[in-house]
>>> print(open('start-v7.csv').read())   # CSV, C-alpha atoms and all ligand atoms
chain,number,residue,atom,x,y,z
A,10,MET,CA,5.1,-35.9,10.6
A,11,GLN,CA,2.2,-37.1,12.7
A,12,ILE,CA,1.3,-40.6,13.9
A,13,SER,CA,-2.4,-41.6,14.3
A,14,PRO,CA,-2.7,-45.1,15.7
A,15,SER,CA,-6.0,-46.9,14.7
A,16,ILE,CA,-7.9,-48.2,17.7
A,17,LEU,CA,-9.5,-50.8,15.4
A,18,SER,CA,-6.6,-53.1,16.4
A,19,ALA,CA,-7.0,-52.2,20.1
A,20,ASP,CA,-8.8,-54.2,22.8
A,21,PHE,CA,-12.4,-52.9,22.5
A,22,ALA,CA,-13.2,-53.9,26.1
A,23,ASN,CA,-10.5,-51.5,27.4
A,24,LEU,CA,-10.6,-48.5,25.1
A,25,GLU,CA,-9.7,-46.0,27.8
A,26,SER,CA,-6.5,-47.7,28.7
A,27,GLU,CA,-5.8,-48.4,25.1
A,28,LEU,CA,-6.0,-44.7,24.4
A,29,ALA,CA,-3.8,-43.9,27.4
A,30,ALA,CA,-1.2,-46.4,25.9
A,31,ILE,CA,-0.8,-44.1,22.8
A,32,SER,CA,-0.8,-40.7,24.6
A,33,ASN,CA,2.6,-39.9,22.9
A,34,ALA,CA,0.9,-40.1,19.4
A,35,ASP,CA,-0.5,-37.0,17.7
A,36,TRP,CA,-4.0,-38.4,17.1
A,37,ALA,CA,-6.2,-41.4,17.9
A,38,HIS,CA,-7.7,-42.7,14.7
A,39,VAL,CA,-11.2,-44.0,15.1
A,40,ASP,CA,-12.6,-46.1,12.2
A,41,VAL,CA,-16.4,-45.8,12.0
A,42,MET,CA,-17.9,-48.5,9.7
A,43,ASP,CA,-21.6,-49.0,9.0
A,44,ALA,CA,-21.7,-52.5,7.3
A,45,HIS,CA,-23.0,-50.8,4.1
A,46,PHE,CA,-20.2,-48.6,2.7
A,47,VAL,CA,-17.8,-51.3,3.9
A,48,PRO,CA,-18.5,-55.0,4.8
A,49,ASN,CA,-17.8,-54.5,8.5
A,50,LEU,CA,-19.4,-52.8,11.5
A,51,THR,CA,-17.5,-51.1,14.3
A,52,LEU,CA,-18.9,-48.2,16.4
A,53,GLY,CA,-20.8,-45.0,16.0
A,54,LEU,CA,-21.4,-41.6,17.6
A,55,PRO,CA,-22.3,-42.6,21.2
A,56,ILE,CA,-19.0,-44.5,21.6
A,57,VAL,CA,-17.0,-41.7,19.9
A,58,GLU,CA,-18.6,-39.3,22.4
A,59,SER,CA,-17.4,-41.5,25.2
A,60,LEU,CA,-13.9,-41.8,23.7
A,61,LEU,CA,-13.7,-38.0,23.4
A,62,ARG,CA,-14.4,-37.8,27.2
A,63,VAL,CA,-11.3,-39.9,28.1
A,64,SER,CA,-8.9,-39.5,25.2
A,65,PRO,CA,-5.6,-37.8,26.1
A,66,ILE,CA,-5.1,-36.8,22.5
A,67,PRO,CA,-7.4,-35.4,19.7
A,68,ILE,CA,-9.5,-37.8,17.8
A,69,ASP,CA,-9.2,-38.4,14.0
A,70,CYS,CA,-12.5,-39.9,12.9
A,71,HIS,CA,-12.4,-42.0,9.7
A,72,LEU,CA,-16.0,-42.4,8.5
A,73,MET,CA,-16.5,-45.4,6.2
A,74,ILE,CA,-20.2,-44.9,6.0
A,75,GLU,CA,-23.0,-44.2,3.5
A,76,ASP,CA,-24.6,-40.7,3.6
A,77,PRO,CA,-21.8,-38.8,5.3
A,78,ASP,CA,-23.5,-35.6,4.3
A,79,ARG,CA,-26.0,-36.5,7.0
A,80,TRP,CA,-24.0,-38.4,9.5
A,81,ALA,CA,-20.5,-36.8,9.5
A,82,PRO,CA,-21.1,-33.3,10.9
A,83,PRO,CA,-22.3,-34.6,14.3
A,84,TYR,CA,-18.8,-36.1,14.9
A,85,ALA,CA,-17.3,-32.7,14.6
A,86,GLU,CA,-20.0,-31.2,16.7
A,87,ALA,CA,-19.2,-33.8,19.4
A,88,GLY,CA,-15.6,-32.7,19.5
A,89,ALA,CA,-13.6,-34.8,17.0
A,90,LYS,CA,-10.9,-32.5,15.7
A,91,SER,CA,-10.6,-34.2,12.3
A,92,VAL,CA,-13.4,-35.8,10.4
A,93,THR,CA,-12.8,-37.8,7.2
A,94,PHE,CA,-15.5,-38.7,4.8
A,95,HIS,CA,-15.2,-40.9,1.7
A,96,ILE,CA,-15.5,-39.0,-1.5
A,97,GLU,CA,-17.2,-42.0,-3.1
A,98,ALA,CA,-20.1,-41.7,-0.6
A,99,ALA,CA,-20.5,-37.9,-0.4
A,100,LYS,CA,-23.3,-36.4,-2.4
A,101,ASP,CA,-22.3,-32.7,-1.9
A,102,PRO,CA,-18.7,-32.7,-0.6
A,103,VAL,CA,-18.4,-28.9,-0.7
A,104,THR,CA,-21.3,-28.4,1.7
A,105,LEU,CA,-20.3,-31.4,3.8
A,106,ALA,CA,-16.7,-30.1,4.2
A,107,ARG,CA,-18.1,-26.6,5.1
A,108,ASP,CA,-20.4,-28.2,7.7
A,109,ILE,CA,-17.5,-30.0,9.3
A,110,ARG,CA,-15.3,-26.9,9.3
A,111,GLY,CA,-18.2,-24.9,10.7
A,112,GLN,CA,-18.2,-27.1,13.7
A,113,GLY,CA,-14.5,-26.3,14.3
A,114,ALA,CA,-12.9,-29.5,13.0
A,115,ARG,CA,-10.5,-30.2,10.2
A,116,ALA,CA,-12.4,-31.6,7.1
A,117,SER,CA,-10.8,-34.4,5.2
A,118,MET,CA,-11.7,-36.5,2.1
A,119,ALA,CA,-10.6,-40.1,1.7
A,120,LEU,CA,-10.0,-42.0,-1.6
A,121,LYS,CA,-10.3,-45.7,-1.9
A,122,PRO,CA,-7.5,-47.5,-3.8
A,123,GLY,CA,-9.6,-47.6,-7.0
A,124,THR,CA,-10.5,-43.9,-6.8
A,125,ALA,CA,-8.5,-41.4,-8.8
A,126,PHE,CA,-7.5,-38.1,-7.2
A,127,ALA,CA,-7.6,-35.8,-10.3
A,128,PRO,CA,-11.4,-35.4,-10.5
A,129,TYR,CA,-11.4,-34.1,-6.9
A,130,GLU,CA,-8.3,-31.9,-7.0
A,131,GLU,CA,-10.6,-28.8,-7.1
A,132,LEU,CA,-11.9,-29.7,-3.6
A,133,LEU,CA,-8.5,-28.8,-2.1
A,134,THR,CA,-10.0,-25.3,-1.5
A,135,GLU,CA,-12.5,-27.0,0.9
A,136,VAL,CA,-10.5,-29.6,2.8
A,137,ASP,CA,-7.7,-29.7,5.4
A,138,MET,CA,-6.5,-33.3,4.6
A,139,VAL,CA,-6.6,-35.9,1.9
A,140,LEU,CA,-6.5,-39.5,3.0
A,141,VAL,CA,-5.1,-41.9,0.5
A,142,MET,CA,-6.2,-45.5,1.4
A,143,THR,CA,-3.4,-48.0,1.1
A,144,VAL,CA,-5.7,-51.0,1.6
A,145,GLU,CA,-9.4,-51.6,0.7
A,146,PRO,CA,-11.3,-50.0,3.6
A,147,GLY,CA,-13.0,-52.4,6.0
A,148,PHE,CA,-10.5,-54.3,8.0
A,149,GLY,CA,-7.2,-53.9,9.9
A,150,GLY,CA,-4.2,-56.1,9.4
A,151,GLN,CA,-4.3,-56.1,5.5
A,152,SER,CA,-1.3,-55.9,3.3
A,153,PHE,CA,0.0,-52.5,2.3
A,154,MET,CA,-0.7,-51.5,-1.4
A,155,ALA,CA,2.5,-49.9,-2.7
A,156,ASP,CA,0.7,-49.2,-5.9
A,157,GLN,CA,-1.0,-46.2,-4.2
A,158,MET,CA,2.3,-44.3,-3.8
A,159,PRO,CA,2.0,-42.5,-7.2
A,160,LYS,CA,-1.4,-41.2,-5.9
A,161,VAL,CA,0.3,-40.0,-2.7
A,162,GLU,CA,2.9,-38.2,-4.9
A,163,GLN,CA,0.2,-36.7,-7.0
A,164,VAL,CA,-1.7,-35.4,-4.0
A,165,ARG,CA,1.4,-34.0,-2.4
A,166,GLN,CA,2.3,-32.1,-5.7
A,167,ALA,CA,-1.3,-30.7,-5.9
A,168,VAL,CA,-1.2,-29.6,-2.2
A,169,ARG,CA,2.2,-27.9,-2.8
A,170,LYS,CA,0.8,-26.1,-5.8
A,171,HIS,CA,-2.3,-25.1,-3.9
A,172,GLY,CA,-0.6,-23.9,-0.8
A,173,GLY,CA,-2.1,-23.8,2.7
A,174,ASP,CA,-2.0,-26.2,5.6
A,175,ILE,CA,-3.3,-29.3,3.9
A,176,TRP,CA,-2.1,-32.7,5.2
A,177,VAL,CA,-1.7,-36.0,3.3
A,178,GLN,CA,-2.7,-39.1,5.3
A,179,VAL,CA,-2.0,-42.7,4.5
A,180,ASP,CA,-4.0,-45.5,6.1
A,181,GLY,CA,-3.7,-49.3,5.8
A,182,GLY,CA,-0.8,-51.6,6.2
A,183,VAL,CA,1.5,-48.8,7.5
A,184,SER,CA,4.4,-50.3,9.5
A,185,ALA,CA,8.1,-49.9,10.1
A,186,GLY,CA,8.6,-51.7,6.8
A,187,THR,CA,6.3,-49.5,4.7
A,188,ILE,CA,6.3,-46.1,6.4
A,189,GLU,CA,9.5,-44.9,4.7
A,190,GLN,CA,8.0,-45.2,1.2
A,191,CYS,CA,4.9,-43.3,2.3
A,192,ALA,CA,7.0,-40.5,3.7
A,193,GLU,CA,9.2,-40.4,0.6
A,194,ALA,CA,6.0,-40.1,-1.6
A,195,GLY,CA,4.9,-37.1,0.5
A,196,ALA,CA,2.6,-38.4,3.2
A,197,ASP,CA,2.8,-36.5,6.5
A,198,VAL,CA,0.1,-38.2,8.7
A,199,PHE,CA,0.4,-41.9,9.2
A,200,VAL,CA,-2.3,-44.2,10.4
A,201,ALA,CA,-1.2,-47.5,11.9
A,202,GLY,CA,-3.4,-50.1,13.6
A,203,SER,CA,-1.8,-53.5,13.9
A,204,ALA,CA,1.7,-52.1,13.7
A,205,VAL,CA,1.0,-50.2,17.0
A,206,TYR,CA,-1.4,-52.3,18.9
A,207,GLY,CA,0.2,-55.6,17.8
A,208,ALA,CA,3.6,-54.3,19.0
A,209,HIS,CA,5.0,-55.3,22.4
A,210,GLU,CA,4.8,-51.7,23.5
A,211,ALA,CA,2.4,-49.4,21.7
A,212,ALA,CA,4.1,-46.2,22.7
A,213,SER,CA,7.5,-47.4,21.5
A,214,ALA,CA,6.0,-48.4,18.2
A,215,VAL,CA,4.6,-44.9,17.8
A,216,ASP,CA,8.0,-43.4,18.5
A,217,GLU,CA,9.7,-45.7,16.1
A,218,LEU,CA,7.2,-45.0,13.3
A,219,ARG,CA,7.6,-41.2,13.8
A,220,GLU,CA,11.4,-41.5,13.8
A,221,LEU,CA,11.3,-43.5,10.5
A,222,ALA,CA,8.9,-41.0,8.9
A,223,LEU,CA,11.0,-38.0,10.0
A,224,ARG,CA,14.2,-39.6,8.6
A,225,HIS,CA,12.5,-40.0,5.2
A,226,SER,CA,10.6,-36.8,5.0
A,227,HIS,CA,11.4,-34.1,2.4
B,1,LIG,O1,-9.5,-47.6,7.9
B,1,LIG,C1,-8.9,-48.6,8.2
B,1,LIG,C2,-9.3,-49.9,7.6
B,1,LIG,O2,-10.4,-49.7,6.8
B,1,LIG,C3,-7.6,-48.5,9.0
B,1,LIG,O3,-7.6,-47.4,9.8
B,1,LIG,C4,-7.1,-49.8,9.6
B,1,LIG,O4,-7.6,-49.9,10.9
B,1,LIG,C5,-5.6,-49.7,9.7
B,1,LIG,O5,-5.2,-50.9,10.2
B,1,LIG,P1,-3.8,-51.5,9.8
B,1,LIG,O6,-3.8,-51.8,8.3
B,1,LIG,O7,-2.7,-50.5,10.2
B,1,LIG,O8,-3.7,-52.8,10.7
B,2,CO,CO,-8.9,-45.8,9.0
>>> encode(input="start-v7.csv", output="structure tokens", more="lines below")
Ligand SMILES: O=C(CO)[C@@H](O)[C@H](O)COP(=O)(O)O
Ligand SMILES: [Co+2]
Amino acid sequence: MQISPSILSADFANLESELAAISNADWAHVDVMDAHFVPNLTLGLPIVESLLRVSPIPIDCHLMIEDPDRWAPPYAEAGAKSVTFHIEAAKDPVTLARDIRGQGARASMALKPGTAFAPYEELLTEVDMVLVMTVEPGFGGQSFMADQMPKVEQVRQAVRKHGGDIWVQVDGGVSAGTIEQCAEAGADVFVAGSAVYGAHEAASAVDELRELALRHSH
């Protein structure tokens, strides 16, 4: 059970201290948006390189960008330990996942709420994590989509059948009120932005989320 706070809800003027505030988390989730794949723009490789220099924990890059085949491997090369691309945007996901792994990072594929998992199940041989989005990608602070839980169950079942160390991540609207159903459905990596950075104490929110997830894990 791993917690990955999204810095999208952090204070962008103070990212070093915002990362220090979640040093008890497993990962720092960095949302890269290009204003094309999603209708929002955040940050890119130069800022991720700076974050990598100061982050006390490994960085989990969630790339909501067009042409990840071209732009994703440099994030792994820079030192991000997990790099997630959207399957809807990837032209050649097998080569892309191999490029990411070749740089020493975990490769991960993300599915938007309207994207079914079944057509991509065969890619489990190539990836280390599947991210099931529980909001439409683009913004923090949106409402959790409980209707994605059957997809989480389906991915967990496929991962169990496949074997190996493949993680199932959920991202969007994850909070103390929604994390239990994610854990019960089979998720084991939980991204939370507003629930962590909107809390009185970010580190306590991380501990609370991990505790709730553990209590409802299989
Ligand atoms: O990828 C995204 C949004 O597209 C996320 O990582 C959000 O940043 C999560 O924020 P909350 O829904 O937890 O506030
Ligand atoms: Co994200």
>>> closest_residue(input="start-v7.csv", among="A:Pro83, A:Pro55, A:Gly149, A:Pro102", to="ligand CO 2 (chain B)", atoms="all atoms listed in the file")
A:Gly149
>>> residues_around(input="start-v7.csv", residues="Val200 (chain A)", least_positions_apart="5", cutoff="8 Å", atoms="only C-alpha atoms", output="mmCIF file with C-alpha atoms, in the frame of the given file")
data_model
loop_
_atom_site.group_PDB
_atom_site.id
_atom_site.type_symbol
_atom_site.label_atom_id
_atom_site.label_comp_id
_atom_site.auth_asym_id
_atom_site.auth_seq_id
_atom_site.Cartn_x
_atom_site.Cartn_y
_atom_site.Cartn_z
ATOM 1 C CA ILE A 12 1.300 -40.600 13.900
ATOM 2 C CA SER A 13 -2.400 -41.600 14.300
ATOM 3 C CA PRO A 14 -2.700 -45.100 15.700
ATOM 4 C CA SER A 15 -6.000 -46.900 14.700
ATOM 5 C CA HIS A 38 -7.700 -42.700 14.700
ATOM 6 C CA GLN A 178 -2.700 -39.100 5.300
ATOM 7 C CA VAL A 179 -2.000 -42.700 4.500
ATOM 8 C CA ASP A 180 -4.000 -45.500 6.100
ATOM 9 C CA GLY A 181 -3.700 -49.300 5.800
ATOM 10 C CA VAL A 183 1.500 -48.800 7.500
#
>>> residues_near_ligand(input="start-v7.csv", ligand="ligand LIG 1 (chain B)", cutoff="10 Å", atoms="only C-alpha atoms and all ligand atoms", output="PyMOL selection string")
chain A and resi 13-19+38-42+47-49+70-73+119+121+140+142-153+179-184+199-207
>>> atom_distance(input="start-v7.csv", atom1="CA of His95 (chain A)", atom2="CA of Asp156 (chain A)")
19.5 Å
>>> residues_near_point(input="start-v7.csv", point="(-14.4, -37.4, -0.9)", cutoff="10 Å", atoms="all atoms listed in the file", output="list of chain:residue names")
A:Pro77, A:Thr93, A:Phe94, A:His95, A:Ile96, A:Glu97, A:Ala98, A:Ala99, A:Lys100, A:Asp101, A:Pro102, A:Val103, A:Leu105, A:Ala106, A:Ser117, A:Met118, A:Ala119, A:Leu120, A:Lys121, A:Thr124, A:Phe126, A:Tyr129, A:Leu132, A:Val136, A:Val139, A:Leu140
>>> atom_distance(input="start-v7.csv", atom1="CA of Ser64 (chain A)", atom2="CA of Gly113 (chain A)")
18.0 Å
>>> closest_residue(input="start-v7.csv", among="A:Gln11, A:Asn23, A:Thr51, A:Ser32", to="ligand CO 2 (chain B)", atoms="only C-alpha atoms and all ligand atoms")
A:Thr51
>>> atom_distance(input="start-v7.csv", atom1="CA of Gly53 (chain A)", atom2="CA of Tyr84 (chain A)")
9.2 Å
>>> closest_residue(input="start-v7.csv", among="A:Met10, A:Leu24, A:Ala30, A:Ala222", to="Ser59 (chain A)", atoms="all atoms listed in the file")
A:Leu24
>>> closest_residue(input="start-v7.csv", among="A:Ala127, A:Leu60, A:Ala85, A:Val141", to="ligand CO 2 (chain B)", atoms="all atoms listed in the file")
A:Val141
>>> closest_residue(input="start-v7.csv", among="A:Ala114, A:Ala37, A:Ala194, A:Trp176", to="ligand CO 2 (chain B)", atoms="all atoms listed in the file")
A:Ala37
>>> closest_residue(input="start-v7.csv", among="A:Ile74, A:Leu61, A:Ala116, A:Cys191", to="Ala89 (chain A)", atoms="only C-alpha atoms")
A:Leu61
